[in-house]
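Coordinates as given in entry-v4.cif (mmCIF, C-alpha atoms):
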```cif
data_entry
#
loop_
_atom_site.label_atom_id
_atom_site.label_comp_id
_atom_site.auth_asym_id
_atom_site.auth_seq_id
_atom_site.Cartn_x
_atom_site.Cartn_y
_atom_site.Cartn_z
CA MET H 1 114.15 97.86 94.84
CA SER H 2 110.99 96.00 95.72
CA ILE H 3 110.55 94.61 99.20
CA MET H 4 109.99 91.06 97.95
CA LYS H 5 113.20 91.11 95.90
CA ARG H 6 115.31 92.69 98.58
CA LEU H 7 114.25 90.16 101.22
CA GLY H 8 114.83 87.37 98.70
CA LEU H 9 118.39 88.58 98.13
CA ILE H 10 119.06 88.82 101.85
CA PHE H 11 118.01 85.20 102.31
CA ARG H 12 120.05 83.98 99.34
CA SER H 13 123.21 85.72 100.41
CA LYS H 14 122.91 84.07 103.84
CA ALA H 15 122.69 80.65 102.19
CA ASN H 16 125.64 81.31 99.89
CA THR H 17 127.86 82.62 102.66
CA ALA H 18 127.32 79.45 104.66
CA LEU H 19 127.99 77.24 101.64
CA ASP H 20 131.18 79.04 100.60
CA ARG H 21 132.84 78.36 103.93
CA ALA H 22 133.64 74.69 103.32
CA GLU H 23 136.55 73.47 101.19
CA ASP H 24 134.89 70.20 100.24
CA PRO H 25 131.20 70.97 99.69
CA ARG H 26 130.35 67.47 100.88
CA GLN H 27 131.55 68.44 104.35
CA THR H 28 128.90 71.12 104.48
CA LEU H 29 126.25 68.43 104.15
CA ASP H 30 126.94 66.85 107.53
CA TYR H 31 127.66 70.17 109.15
CA SER H 32 124.45 71.67 107.85
CA TYR H 33 122.48 68.59 108.85
CA GLN H 34 123.76 68.93 112.42
CA ARG H 35 122.73 72.58 112.46
CA GLN H 36 119.31 71.65 111.10
CA LEU H 37 118.81 69.13 113.89
CA GLU H 38 119.91 71.72 116.44
CA LEU H 39 117.49 74.25 115.05
CA LEU H 40 114.73 71.65 115.08
CA GLN H 41 115.43 71.11 118.79
CA LYS H 42 115.36 74.85 119.33
CA VAL H 43 111.99 75.23 117.62
CA ARG H 44 110.56 72.41 119.69
CA ARG H 45 111.86 74.03 122.86
CA GLY H 46 110.29 77.26 121.61
CA VAL H 47 106.93 75.52 121.24
CA ALA H 48 107.26 74.12 124.76
CA ASP H 49 108.21 77.54 126.19
CA VAL H 50 105.23 79.23 124.60
CA ALA H 51 102.96 76.43 125.83
CA THR H 52 104.29 76.93 129.36
CA SER H 53 103.53 80.65 129.18
CA ARG H 54 100.07 79.90 127.84
CA LYS H 55 99.37 77.50 130.72
CA ARG H 56 100.58 80.07 133.22
CA VAL H 57 98.13 82.62 131.78
CA GLU H 58 95.36 80.00 131.95
CA LEU H 59 96.15 79.41 135.60
CA GLN H 60 96.01 83.13 136.32
CA MET H 61 92.71 83.43 134.45
CA ASN H 62 91.26 80.65 136.61
CA GLN H 63 92.50 82.29 139.80
CA LEU H 64 91.04 85.64 138.82
CA GLN H 65 87.78 83.93 137.88
CA GLN H 66 87.56 82.27 141.31
CA GLN H 67 88.30 85.51 143.09
CA GLY H 68 85.73 87.28 140.96
CA ASP H 69 83.13 84.65 141.85
CA LYS H 70 83.98 84.99 145.51
CA LEU H 71 83.60 88.76 145.41
CA GLN H 72 80.28 88.37 143.61
CA GLY H 73 79.10 86.06 146.39
CA GLN H 74 80.29 88.52 149.01
CA ALA H 75 78.42 91.33 147.29
CA GLN H 76 75.22 89.28 147.30
CA LYS H 77 75.59 88.42 150.98
CA ALA H 78 76.36 92.00 151.88
CA LEU H 79 73.34 93.27 149.95
CA ALA H 80 71.09 90.65 151.56
CA ALA H 81 72.32 91.89 154.94
CA GLY H 82 71.46 95.45 153.95
CA ARG H 83 75.09 96.53 153.67
CA GLU H 84 75.10 98.22 150.27
CA ASP H 85 78.43 99.90 151.02
CA LEU H 86 80.13 96.51 151.42
CA ALA H 87 78.39 95.17 148.31
CA ARG H 88 79.62 98.17 146.32
CA GLU H 89 83.17 97.65 147.58
CA ALA H 90 83.11 93.99 146.56
CA LEU H 91 81.71 94.75 143.10
CA THR H 92 84.27 97.50 142.52
CA ARG H 93 87.04 95.04 143.25
CA ARG H 94 85.41 92.50 141.01
CA SER H 95 85.28 94.93 138.12
CA ALA H 96 89.03 95.60 138.48
CA LEU H 97 89.59 91.85 138.27
CA LEU H 98 87.49 91.64 135.11
CA THR H 99 89.74 94.20 133.41
CA GLN H 100 92.78 92.08 134.28
CA THR H 101 90.99 88.99 133.02
CA GLN H 102 90.29 90.62 129.65
CA ASP H 103 93.95 91.54 129.33
CA LEU H 104 94.89 87.94 130.09
CA GLU H 105 92.41 86.66 127.51
CA THR H 106 94.10 88.78 124.85
CA GLN H 107 97.50 87.48 125.89
CA HIS H 108 96.16 83.94 125.88
CA ALA H 109 94.93 84.29 122.31
CA GLN H 110 98.29 85.72 121.22
CA LEU H 111 100.23 82.93 122.89
CA GLN H 112 97.96 80.34 121.31
CA GLY H 113 98.62 81.94 117.92
CA GLU H 114 102.39 81.85 118.47
CA GLU H 115 102.20 78.26 119.63
CA GLU H 116 100.31 77.21 116.50
CA LYS H 117 102.69 79.08 114.21
CA LEU H 118 105.77 77.56 115.83
CA THR H 119 104.24 74.09 115.75
CA LEU H 120 103.64 74.44 112.00
CA ALA H 121 107.15 75.86 111.52
CA SER H 122 108.58 72.89 113.36
CA GLN H 123 106.61 70.48 111.15
CA ARG H 124 107.77 72.25 107.98
CA LEU H 125 111.38 72.24 109.10
CA GLN H 126 111.20 68.60 110.10
CA ALA H 127 109.90 67.61 106.66
CA LYS H 128 112.65 69.63 104.97
CA VAL H 129 115.36 68.22 107.24
CA GLU H 130 114.19 64.70 106.43
CA SER H 131 114.29 65.51 102.70
CA PHE H 132 117.74 66.98 103.11
CA ARG H 133 119.00 63.89 104.92
CA THR H 134 117.87 61.64 102.04
CA ARG H 135 119.51 63.88 99.44
CA LYS H 136 122.64 64.19 101.53
CA GLU H 137 123.15 60.42 101.55
CA THR H 138 122.55 60.19 97.80
CA ILE H 139 124.97 63.02 97.06
CA LYS H 140 127.70 61.63 99.30
CA ALA H 141 127.39 58.16 97.78
CA THR H 142 127.09 59.16 94.15
CA TYR H 143 129.05 62.25 93.34
CA THR H 144 132.67 63.42 93.44
CA ALA H 145 133.39 66.69 95.21
CA ALA H 146 133.30 68.60 91.93
CA GLU H 147 130.09 66.98 90.73
CA ALA H 148 128.46 67.36 94.08
CA GLN H 149 128.79 71.13 94.09
CA THR H 150 125.63 71.92 92.15
CA LYS H 151 123.52 69.22 93.77
CA ILE H 152 124.57 70.35 97.20
CA GLY H 153 123.89 73.95 96.32
CA GLU H 154 120.32 73.06 95.40
CA ALA H 155 119.62 70.99 98.48
CA PHE H 156 121.46 73.32 100.78
CA SER H 157 119.95 76.62 99.76
CA GLY H 158 116.41 75.20 99.95
CA VAL H 159 116.88 74.12 103.54
CA SER H 160 119.04 77.08 104.50
CA GLU H 161 116.25 79.50 103.60
CA GLU H 162 113.85 77.53 105.76
CA MET H 163 116.36 77.62 108.61
CA SER H 164 116.74 81.38 108.36
CA ASP H 165 112.98 81.77 108.35
CA VAL H 166 112.37 79.40 111.26
CA GLY H 167 115.25 80.94 113.20
CA LEU H 168 113.66 84.35 112.91
CA ALA H 169 110.21 82.97 113.75
CA VAL H 170 111.57 81.45 116.98
CA GLN H 171 113.31 84.70 117.83
CA ARG H 172 110.13 86.73 117.28
CA ALA H 173 108.06 84.27 119.30
CA GLU H 174 110.59 84.47 122.13
CA ASP H 175 110.51 88.27 122.10
CA LYS H 176 106.72 88.35 122.19
CA THR H 177 106.52 85.69 124.88
CA ALA H 178 109.14 87.47 126.99
CA SER H 179 107.09 90.66 127.13
CA MET H 180 103.97 88.66 128.03
CA GLN H 181 105.90 86.74 130.69
CA ALA H 182 106.92 90.05 132.22
CA ARG H 183 103.25 91.06 132.41
CA ALA H 184 102.26 87.67 133.79
CA GLY H 185 104.98 88.10 136.42
CA ALA H 186 103.55 91.50 137.33
CA ILE H 187 100.10 89.95 137.81
CA ASP H 188 101.60 87.20 139.99
CA GLU H 189 103.19 89.91 142.14
CA LEU H 190 99.90 91.79 142.37
CA MET H 191 98.19 88.59 143.45
CA ALA H 192 100.89 87.87 146.02
CA SER H 193 100.62 91.41 147.38
CA GLY H 194 96.88 90.93 147.87
CA ALA H 195 95.98 93.87 145.65
CA LEU H 196 94.06 91.57 143.32
CA ASP H 197 93.08 89.23 146.09
CA ASP H 198 89.54 88.85 147.32
CA ALA H 199 88.28 91.54 149.60
CA SER H 200 88.60 89.35 152.70
CA ALA H 201 92.38 89.62 152.43
CA SER H 202 92.42 93.40 152.46
CA PRO H 203 93.26 95.09 155.75
CA ASN H 204 91.34 98.28 154.90
CA SER H 205 87.90 96.93 154.26
CA ASP H 206 87.47 93.45 155.59
CA ILE H 207 84.32 92.48 153.75
CA ASP H 208 84.55 88.85 154.81
CA ARG H 209 84.97 89.71 158.50
CA GLU H 210 82.12 92.17 158.43
CA LEU H 211 79.98 89.62 156.64
CA ALA H 212 80.99 87.00 159.19
CA ALA H 213 80.01 89.37 162.00
CA LEU H 214 76.73 90.07 160.27
CA SER H 215 76.00 86.38 159.80
CA ALA H 216 77.03 85.63 163.41
CA GLY H 217 74.57 88.30 164.51
CA SER H 218 71.82 86.82 162.41
CA ASP H 219 72.68 83.34 163.73
CA VAL H 220 72.04 84.60 167.26
CA ASP H 221 68.80 86.16 166.08
CA SER H 222 67.66 82.96 164.40
CA GLU H 223 68.62 80.87 167.44
CA LEU H 224 66.63 83.17 169.65
CA ALA H 225 63.71 82.92 167.26
CA ALA H 226 63.96 79.11 167.28
CA MET H 227 64.06 79.04 171.07
CA LYS H 228 61.04 81.31 171.31
CA GLN H 229 59.19 79.06 168.91
CA GLN H 230 60.10 75.97 170.95
CA LEU H 231 58.99 77.63 174.12
CA GLY H 232 55.74 78.57 172.45
CA SER H 233 55.11 75.04 171.18
CA ALA H 234 55.97 73.54 174.58
CA GLU H 235 53.38 75.82 176.12
CA ARG H 236 50.88 74.85 173.45
CA GLN H 237 51.63 71.13 174.08
CA ALA H 238 51.09 71.71 177.78
CA LEU H 239 47.72 73.14 176.85
CA GLY H 240 46.94 69.95 174.88
CA GLU H 241 47.43 71.43 171.41
CA ALA H 242 49.33 69.64 168.66
CA PRO H 243 52.47 71.53 167.52
CA ALA H 244 51.57 73.35 164.32
CA GLU H 245 54.38 72.68 161.78
CA GLN H 246 57.23 72.05 164.14
CA PRO H 247 59.57 69.16 163.18
CA ASP H 248 59.63 66.47 165.90
CA GLU H 249 63.42 66.29 166.26
CA GLN H 250 63.85 69.91 167.23
CA THR H 251 61.13 69.66 169.84
CA LYS H 252 62.81 66.62 171.42
CA GLU H 253 66.20 68.28 171.52
CA GLY H 254 64.82 71.39 173.17
CA MET E 1 108.05 81.35 90.64
CA ILE E 2 108.35 80.55 94.34
CA ILE E 3 107.37 83.14 96.93
CA ARG E 4 107.98 82.69 100.62
CA ILE E 5 105.82 84.37 103.22
CA MET E 6 108.07 84.30 106.26
CA ALA E 7 106.88 82.24 109.23
CA GLU E 8 104.22 80.77 106.95
CA GLY E 9 105.84 78.86 104.09
CA GLN E 10 106.40 78.89 100.35
CA TYR E 11 103.89 79.31 97.53
CA GLU E 12 104.22 78.52 93.85
CA VAL E 13 102.79 81.45 91.94
CA ALA E 14 102.33 81.76 88.17
CA ASP E 15 104.84 84.14 86.56
CA ASP E 16 102.10 86.31 85.05
CA GLU E 17 101.01 87.21 88.59
CA LEU E 18 104.21 89.16 89.08
CA GLU E 19 102.87 92.37 87.59
CA ALA E 20 99.91 92.58 89.97
CA LEU E 21 102.13 91.64 92.90
CA ASN E 22 104.67 94.31 91.98
CA VAL E 23 101.96 96.97 92.09
CA LEU E 24 100.98 95.94 95.62
CA ASP E 25 104.62 95.56 96.62
CA ALA E 26 105.29 99.14 95.47
CA GLU E 27 102.36 100.33 97.59
CA VAL E 28 103.78 98.55 100.62
CA GLU E 29 107.19 100.02 99.97
CA SER E 30 105.96 103.59 99.65
CA ALA E 31 103.88 103.13 102.83
CA VAL E 32 107.04 102.00 104.64
CA LEU E 33 109.00 104.97 103.28
CA ALA E 34 106.18 107.36 104.23
CA ASP E 35 105.86 105.74 107.66
CA ASP E 36 102.12 105.43 106.99
CA ALA E 37 100.88 102.55 109.17
CA ASP E 38 97.31 102.54 107.78
CA ALA E 39 98.39 102.41 104.15
CA PHE E 40 100.97 99.77 105.05
CA GLY E 41 98.44 97.57 106.84
CA SER E 42 96.00 97.52 103.95
CA ALA E 43 98.54 97.15 101.12
CA PHE E 44 100.54 94.49 102.98
CA ALA E 45 97.41 92.44 103.75
CA GLN E 46 96.35 92.62 100.09
CA LEU E 47 99.80 91.56 98.91
CA LEU E 48 99.85 88.52 101.20
CA ASP E 49 96.27 87.59 100.34
CA ARG E 50 97.06 87.73 96.66
CA VAL E 51 100.01 85.37 97.08
CA ARG E 52 97.92 82.99 99.17
CA SER E 53 94.87 83.02 96.91
CA HIS E 54 96.71 82.91 93.57
CA GLY E 55 99.47 80.58 94.68
CA THR E 56 99.71 76.92 95.63
CA ALA E 57 101.40 75.98 98.88
CA VAL E 58 104.70 74.17 98.30
CA ALA E 59 104.87 70.76 100.01
CA ASP E 60 106.73 70.80 103.32
CA ASP E 61 109.36 68.30 102.17
CA THR E 62 110.26 70.21 99.00
CA LEU E 63 113.71 71.80 99.05
CA VAL E 64 113.53 74.81 96.77
CA ASP E 65 114.81 78.37 96.86
CA SER E 66 112.36 81.24 96.85
CA ASP E 67 112.55 83.85 94.12
CA LEU E 68 110.83 86.40 96.31
CA VAL E 69 110.38 86.65 100.08
CA LEU E 70 107.70 88.51 102.01
CA PRO E 71 107.75 89.50 105.69
CA PRO E 72 105.62 87.53 108.18
CA GLY E 73 101.91 88.33 108.15
CA ASP E 74 101.93 89.79 111.67
CA ALA E 75 104.88 92.10 111.01
CA ASP E 76 104.19 95.80 111.51
CA LEU E 77 105.56 98.68 109.49
CA HIS E 78 108.59 99.21 111.69
CA GLU E 79 109.55 95.56 111.69
CA VAL E 80 109.44 95.49 107.91
CA ALA E 81 111.49 98.67 107.71
CA ALA E 82 114.04 97.14 110.07
CA MET E 83 114.23 93.91 108.04
CA LEU E 84 115.00 95.84 104.88
CA GLY E 85 117.45 98.16 106.52
CA ASP E 86 119.37 95.66 108.56
CA SER E 87 120.00 92.23 107.10
CA GLY E 88 121.31 91.17 110.50
CA LEU E 89 117.70 90.71 111.62
CA ILE E 90 117.50 87.47 109.69
CA PRO E 91 119.65 84.90 111.49
CA GLY E 92 121.45 81.95 109.94
#
```

Before anything else, please render the file you have as structure tokens.
Amino acid sequence: MSIMKRLGLIFRSKANTALDRAEDPRQTLDYSYQRQLELLQKVRRGVADVATSRKRVELQMNQLQQQGDKLQGQAQKALAAGREDLAREALTRRSALLTQTQDLETQHAQLQGEEEKLTLASQRLQAKVESFRTRKETIKATYTAAEAQTKIGEAFSGVSEEMSDVGLAVQRAEDKTASMQARAGAIDELMASGALDDASASPNSDIDRELAALSAGSDVDSELAAMKQQLGSAERQALGEAPAEQPDEQTKEG
Amino acid sequence: MIIRIMAEGQYEVADDELEALNVLDAEVESAVLADDADAFGSAFAQLLDRVRSHGTAVADDTLVDSDLVLPPGDADLHEVAAMLGDSGLIPG
């Protein structure tokens, strides 16, 4: 049998089973309405859960971005100081981060898709639940149990199918989100372990410390140079020459 | 007739569309039976597109049964096979 027909039958038999359970079909109205409201809550929680996962991925993307920027800066400093080996190390780490970032971007897009789908599902269900509520009141007020049967069947099966569909959509979204949460958890652990951290946190190759040492060394050099210059200008002043392009403040301090 | 695309909503489709849809549906089914993911992907996408483009979306607040039901657009071959084989997949 065709796929479309088979799935249609599966849905219909679910609706009928639920309807057949009650002795007075009017009782099913309130019972079903309660279940609809519960499912609506569940879908909304589902939307919130997916949104939380999405935000977590966004946070991780930002963290990786910052670390990547930091490594880039370290590479530039290292290269400027003539330490190509350090620069290469920093860039290698940065490229590993970029791979992680791309993976997170894919996950982010998927989560956004799930969030949108669930939001729409929740809106559809809400509209149907509201419709059902109106019909439920009419049926309860107007019809006897026997008369109500058909009317209830119509209202009930329409909303029951939606409930089955939304129920499955929430389940699928939860499954997908769970696997992404596991991966997000793994990235959090990597970050905590320092494996994805910036190079300054690594015990093996302390790029930051080496850079700090380099810059301390160059600070000493530049201080020496400044002192020599001041000495030179003081001598020139003693000889009656105006200081060439020396700022006044530094001369006074020296 | 009313056709539901799961996780998407219901569409009202003219009855004379059924023939064309059945052809695509048969292609999807044989792809599932043959476990041919490529053939499934293309036939399934065409089937859904046909329903969307030749049908009119049913208003959200309409309570109506579907005559036919299609799997969600992002379902893969194995998910569809599982849905058909095990009705327990659909809750409610």

Quiz item: Do you know which residues are at most 10 Å from Leu39 of chain H counting only C-alpha atoms, after dropping those on the same chain fewer than 3 positions away, and could you put them as number ranges by chain?
Solution: H: 33-36, 42-45, 122, 125-126, 163-164, 166-167, 170

Quiz item: Which residue gives the smallest distance to Ala127 of chain H among H:Leu86, H:Val159, H:Ile207, H:Ala109, with all atoms listed in the file counted?
Solution: H:Val159

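In this structure, atom CA of Gln181 of chain H sits 10.5 Å away from atom CA of Asp49 of chain H.
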
Convert the output of the PyMOL selection byres ((chain E) within 8 of (chain H)) on the shown file into explicit residues, formatted as a compact mmCIF listing (two decimals) with C-alpha atoms, keeping the file's coordinate frame.
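For reference, out.txt as written:
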```
# COMPACT_ATOMS: atom_id res chain seq x y z
CA MET E 6 108.07 84.30 106.26
CA ALA E 7 106.88 82.24 109.23
CA GLU E 8 104.22 80.77 106.95
CA GLY E 9 105.84 78.86 104.09
CA ASN E 22 104.67 94.31 91.98
CA ASP E 25 104.62 95.56 96.62
CA ALA E 26 105.29 99.14 95.47
CA VAL E 28 103.78 98.55 100.62
CA GLU E 29 107.19 100.02 99.97
CA ASP E 60 106.73 70.80 103.32
CA ASP E 61 109.36 68.30 102.17
CA THR E 62 110.26 70.21 99.00
CA LEU E 63 113.71 71.80 99.05
CA VAL E 64 113.53 74.81 96.77
CA ASP E 65 114.81 78.37 96.86
CA SER E 66 112.36 81.24 96.85
CA ASP E 67 112.55 83.85 94.12
CA LEU E 68 110.83 86.40 96.31
CA VAL E 69 110.38 86.65 100.08
CA LEU E 70 107.70 88.51 102.01
CA PRO E 71 107.75 89.50 105.69
CA MET E 83 114.23 93.91 108.04
CA LEU E 84 115.00 95.84 104.88
CA SER E 87 120.00 92.23 107.10
CA LEU E 89 117.70 90.71 111.62
CA ILE E 90 117.50 87.47 109.69
CA PRO E 91 119.65 84.90 111.49
CA GLY E 92 121.45 81.95 109.94
```

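You will find atom CA of Leu71 of chain H at 5.4 Å from atom CA of Ala90 of chain H.
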